[in-house]
Amino acid sequence: MTRYIPRIPKNYDGPEITTRRMSELLPSVLSQVSDKYQERPDLILASWPEIVGPQLAPMTQAVSFDEGVLYVKVKNSTLYSLLSKNDKPKLIESLRKKFPKVSLRTIVFRIG
């Protein structure tokens with residue numbers, strides 16, 4: 001006569017508790033979400049007004065980001081000159097701090 005052996009479910013860890021506390025899971029989940037957020041270069045375009053500030057945001061527009069180059073459209077030649085000569089290094093540094101996983105080489109300003 002065959003003896004009945006109970007079936008053990010797949011991935012059974014034994015009699016240990018399988019539930020986890022939110023305080024244990026939340027930091028790792030938030031870290032993963034933050035990493036995914038940082039890896040998306042398209043978010044640079046969306047955050048441009050925040051980076052450049054409320055005074056210059058209406059006069060500039062981040063148009064595209066391609067191969068480490070951010071292209072920004074500016075309203076006039078005076079603003080173009082000020083941004084490209086004076087504020088460009090500061091803006092690049094701010095973008096690199098906010099998006100450390102995105103490779104940003106330079107910013108190209110265009111009048112338009």
# chains A, B, ... in the order shown; residues from 1 in each chain; ligands from 1
call {"tool": "residues_around", "arguments": {"residues": "Val52 of chain A", "least_positions_apart": "3", "cutoff": "10 Å", "atoms": "only C-alpha atoms", "output": "list of chain:residue names"}}
result
A:Ser47, A:Trp48, A:Pro49, A:Gln55, A:Leu56, A:Ala57, A:Pro58, A:Thr60, A:Gln61, A:Leu83, A:Asp87, A:Lys90, A:Leu91, A:Ser94, A:Leu95
call {"tool": "residues_around", "arguments": {"residues": "Arg105 of chain A", "least_positions_apart": "5", "cutoff": "9 Å", "atoms": "only C-alpha atoms", "output": "list in words"}}
result
Glu67, Gly68, Val69, Leu70 and Ile92 of chain A
call {"tool": "closest_residue", "arguments": {"among": "A:Asn86, A:Asn11, A:Thr106, A:Thr19", "to": "Val72 of chain A", "atoms": "only C-alpha atoms"}}
result
A:Thr106
call {"tool": "atom_distance", "arguments": {"atom1": "atom CA of Gln32 of chain A", "atom2": "atom CA of Phe65 of chain A"}}
result
23.6 Å
call {"tool": "select_by_dssp", "arguments": {"residues": "chain A", "states": "strand (DSSP E)", "output": "list in words"}}
result
Thr60, Gln61, Ala62, Val63, Ser64, Phe65, Asp66, Val69, Leu70, Tyr71, Val72, Lys73, Val74, Thr106, Ile107, Val108, Phe109, Arg110 and Ile111 of chain A
call {"tool": "write_last_selection", "arguments": {"atoms": "C-alpha atoms", "output": "PDB file, in the first residue's frame"}}
result
ATOM      1  CA  THR A  60      13.589  79.809 -22.896  1.00  0.00           C
ATOM      2  CA  GLN A  61      12.436  76.356 -23.937  1.00  0.00           C
ATOM      3  CA  ALA A  62      14.320  73.060 -23.819  1.00  0.00           C
ATOM      4  CA  VAL A  63      13.650  71.602 -27.255  1.00  0.00           C
ATOM      5  CA  SER A  64      15.520  68.294 -27.380  1.00  0.00           C
ATOM      6  CA  PHE A  65      18.163  66.144 -25.743  1.00  0.00           C
ATOM      7  CA  ASP A  66      20.327  64.048 -28.037  1.00  0.00           C
ATOM      8  CA  VAL A  69      23.579  67.618 -25.782  1.00  0.00           C
ATOM      9  CA  LEU A  70      20.629  69.670 -24.540  1.00  0.00           C
ATOM     10  CA  TYR A  71      19.226  72.058 -27.155  1.00  0.00           C
ATOM     11  CA  VAL A  72      17.511  75.140 -25.757  1.00  0.00           C
ATOM     12  CA  LYS A  73      15.598  77.775 -27.721  1.00  0.00           C
ATOM     13  CA  VAL A  74      15.929  81.371 -26.446  1.00  0.00           C
ATOM     14  CA  THR A 106      26.872  70.492 -23.026  1.00  0.00           C
ATOM     15  CA  ILE A 107      23.988  72.848 -23.645  1.00  0.00           C
ATOM     16  CA  VAL A 108      23.480  74.435 -27.063  1.00  0.00           C
ATOM     17  CA  PHE A 109      21.441  77.628 -27.118  1.00  0.00           C
ATOM     18  CA  ARG A 110      19.641  78.689 -30.299  1.00  0.00           C
ATOM     19  CA  ILE A 111      17.736  81.858 -31.062  1.00  0.00           C
TER      20      ILE A 111
END
call {"tool": "select_by_dssp", "arguments": {"residues": "segment 2-111 of chain A", "states": "alpha helix (DSSP H)", "output": "VMD selection string"}}
result
chain A and resid 22 to 38 42 to 52 77 to 82 88 to 98
call {"tool": "write_last_selection", "arguments": {"atoms": "N, CA and C atoms", "output": "short mmCIF file (atom, residue, chain, number, x, y, z; two decimals), in the first residue's frame"}}
result
data_model
loop_
_atom_site.label_atom_id
_atom_site.label_comp_id
_atom_site.auth_asym_id
_atom_site.auth_seq_id
_atom_site.Cartn_x
_atom_site.Cartn_y
_atom_site.Cartn_z
N MET A 22 6.03 47.26 5.84
CA MET A 22 6.20 48.34 4.86
C MET A 22 7.50 49.08 5.10
N SER A 23 7.88 49.24 6.36
CA SER A 23 9.11 49.97 6.68
C SER A 23 10.35 49.24 6.15
N GLU A 24 10.25 47.93 5.95
CA GLU A 24 11.36 47.17 5.38
C GLU A 24 11.38 47.28 3.85
N LEU A 25 10.21 47.32 3.23
CA LEU A 25 10.12 47.32 1.77
C LEU A 25 10.23 48.71 1.15
N LEU A 26 9.69 49.71 1.82
CA LEU A 26 9.58 51.04 1.24
C LEU A 26 10.91 51.66 0.81
N PRO A 27 11.98 51.61 1.60
CA PRO A 27 13.23 52.22 1.15
C PRO A 27 13.77 51.62 -0.16
N SER A 28 13.68 50.30 -0.30
CA SER A 28 14.19 49.69 -1.53
C SER A 28 13.32 50.03 -2.73
N VAL A 29 12.00 50.07 -2.52
CA VAL A 29 11.09 50.42 -3.62
C VAL A 29 11.31 51.86 -4.05
N LEU A 30 11.42 52.77 -3.09
CA LEU A 30 11.65 54.18 -3.42
C LEU A 30 13.00 54.38 -4.10
N SER A 31 13.99 53.62 -3.70
CA SER A 31 15.31 53.70 -4.34
C SER A 31 15.23 53.27 -5.80
N GLN A 32 14.49 52.20 -6.07
CA GLN A 32 14.32 51.72 -7.44
C GLN A 32 13.58 52.74 -8.28
N VAL A 33 12.55 53.35 -7.73
CA VAL A 33 11.78 54.36 -8.45
C VAL A 33 12.67 55.56 -8.74
N SER A 34 13.45 55.97 -7.77
CA SER A 34 14.35 57.11 -7.94
C SER A 34 15.38 56.83 -9.03
N ASP A 35 15.92 55.60 -9.05
CA ASP A 35 16.90 55.24 -10.08
C ASP A 35 16.28 55.30 -11.47
N LYS A 36 15.07 54.80 -11.61
CA LYS A 36 14.39 54.84 -12.92
C LYS A 36 14.12 56.28 -13.33
N TYR A 37 13.76 57.12 -12.38
CA TYR A 37 13.51 58.53 -12.67
C TYR A 37 14.78 59.22 -13.15
N GLN A 38 15.89 58.89 -12.51
CA GLN A 38 17.15 59.53 -12.85
C GLN A 38 17.68 59.08 -14.22
N ASP A 42 14.57 62.28 -20.94
CA ASP A 42 13.45 63.12 -21.38
C ASP A 42 12.90 63.98 -20.24
N LEU A 43 13.18 63.60 -19.00
CA LEU A 43 12.73 64.40 -17.87
C LEU A 43 13.52 65.69 -17.73
N ILE A 44 14.69 65.76 -18.36
CA ILE A 44 15.47 67.00 -18.37
C ILE A 44 14.65 68.09 -19.05
N LEU A 45 14.01 67.75 -20.15
CA LEU A 45 13.20 68.73 -20.87
C LEU A 45 12.06 69.25 -19.99
N ALA A 46 11.44 68.34 -19.26
CA ALA A 46 10.32 68.75 -18.42
C ALA A 46 10.77 69.58 -17.22
N SER A 47 11.97 69.34 -16.74
CA SER A 47 12.43 70.07 -15.55
C SER A 47 13.23 71.33 -15.90
N TRP A 48 13.37 71.65 -17.17
CA TRP A 48 14.13 72.83 -17.56
C TRP A 48 13.62 74.12 -16.90
N PRO A 49 12.32 74.39 -16.87
CA PRO A 49 11.86 75.63 -16.21
C PRO A 49 12.28 75.72 -14.75
N GLU A 50 12.30 74.61 -14.07
CA GLU A 50 12.73 74.59 -12.67
C GLU A 50 14.23 74.88 -12.55
N ILE A 51 15.02 74.35 -13.46
CA ILE A 51 16.47 74.53 -13.43
C ILE A 51 16.84 75.97 -13.75
N VAL A 52 16.22 76.54 -14.78
CA VAL A 52 16.60 77.87 -15.24
C VAL A 52 16.00 78.97 -14.36
N SER A 77 18.77 87.64 -28.86
CA SER A 77 20.22 87.52 -28.89
C SER A 77 20.88 87.94 -27.57
N THR A 78 20.27 88.87 -26.86
CA THR A 78 20.82 89.30 -25.57
C THR A 78 20.77 88.16 -24.57
N LEU A 79 19.65 87.50 -24.51
CA LEU A 79 19.51 86.36 -23.62
C LEU A 79 20.44 85.22 -24.04
N TYR A 80 20.56 85.01 -25.34
CA TYR A 80 21.48 84.00 -25.87
C TYR A 80 22.90 84.27 -25.38
N SER A 81 23.34 85.51 -25.49
CA SER A 81 24.68 85.87 -25.08
C SER A 81 24.89 85.67 -23.58
N LEU A 82 23.93 86.11 -22.78
CA LEU A 82 24.05 85.97 -21.33
C LEU A 82 24.09 84.50 -20.90
N LYS A 88 25.95 79.19 -18.54
CA LYS A 88 26.02 77.84 -19.06
C LYS A 88 26.69 76.85 -18.08
N PRO A 89 27.86 77.16 -17.52
CA PRO A 89 28.47 76.20 -16.58
C PRO A 89 27.60 75.93 -15.35
N LYS A 90 26.95 76.97 -14.84
CA LYS A 90 26.09 76.81 -13.67
C LYS A 90 24.88 75.93 -14.00
N LEU A 91 24.30 76.12 -15.18
CA LEU A 91 23.15 75.31 -15.59
C LEU A 91 23.54 73.85 -15.79
N ILE A 92 24.69 73.62 -16.40
CA ILE A 92 25.17 72.24 -16.60
C ILE A 92 25.39 71.56 -15.25
N GLU A 93 25.99 72.28 -14.32
CA GLU A 93 26.22 71.72 -12.99
C GLU A 93 24.91 71.39 -12.28
N SER A 94 23.93 72.27 -12.40
CA SER A 94 22.62 72.03 -11.78
C SER A 94 21.95 70.80 -12.38
N LEU A 95 22.02 70.67 -13.70
CA LEU A 95 21.42 69.51 -14.36
C LEU A 95 22.14 68.22 -13.98
N ARG A 96 23.45 68.26 -13.86
CA ARG A 96 24.20 67.06 -13.48
C ARG A 96 23.90 66.65 -12.04
N LYS A 97 23.66 67.62 -11.16
CA LYS A 97 23.30 67.29 -9.78
C LYS A 97 21.91 66.66 -9.72
N LYS A 98 20.98 67.22 -10.48
CA LYS A 98 19.61 66.71 -10.46
C LYS A 98 19.48 65.37 -11.18
#
call {"tool": "atom_distance", "arguments": {"atom1": "atom CA of Gly112 of chain A", "atom2": "atom CA of Lys85 of chain A"}}
result
17.9 Å
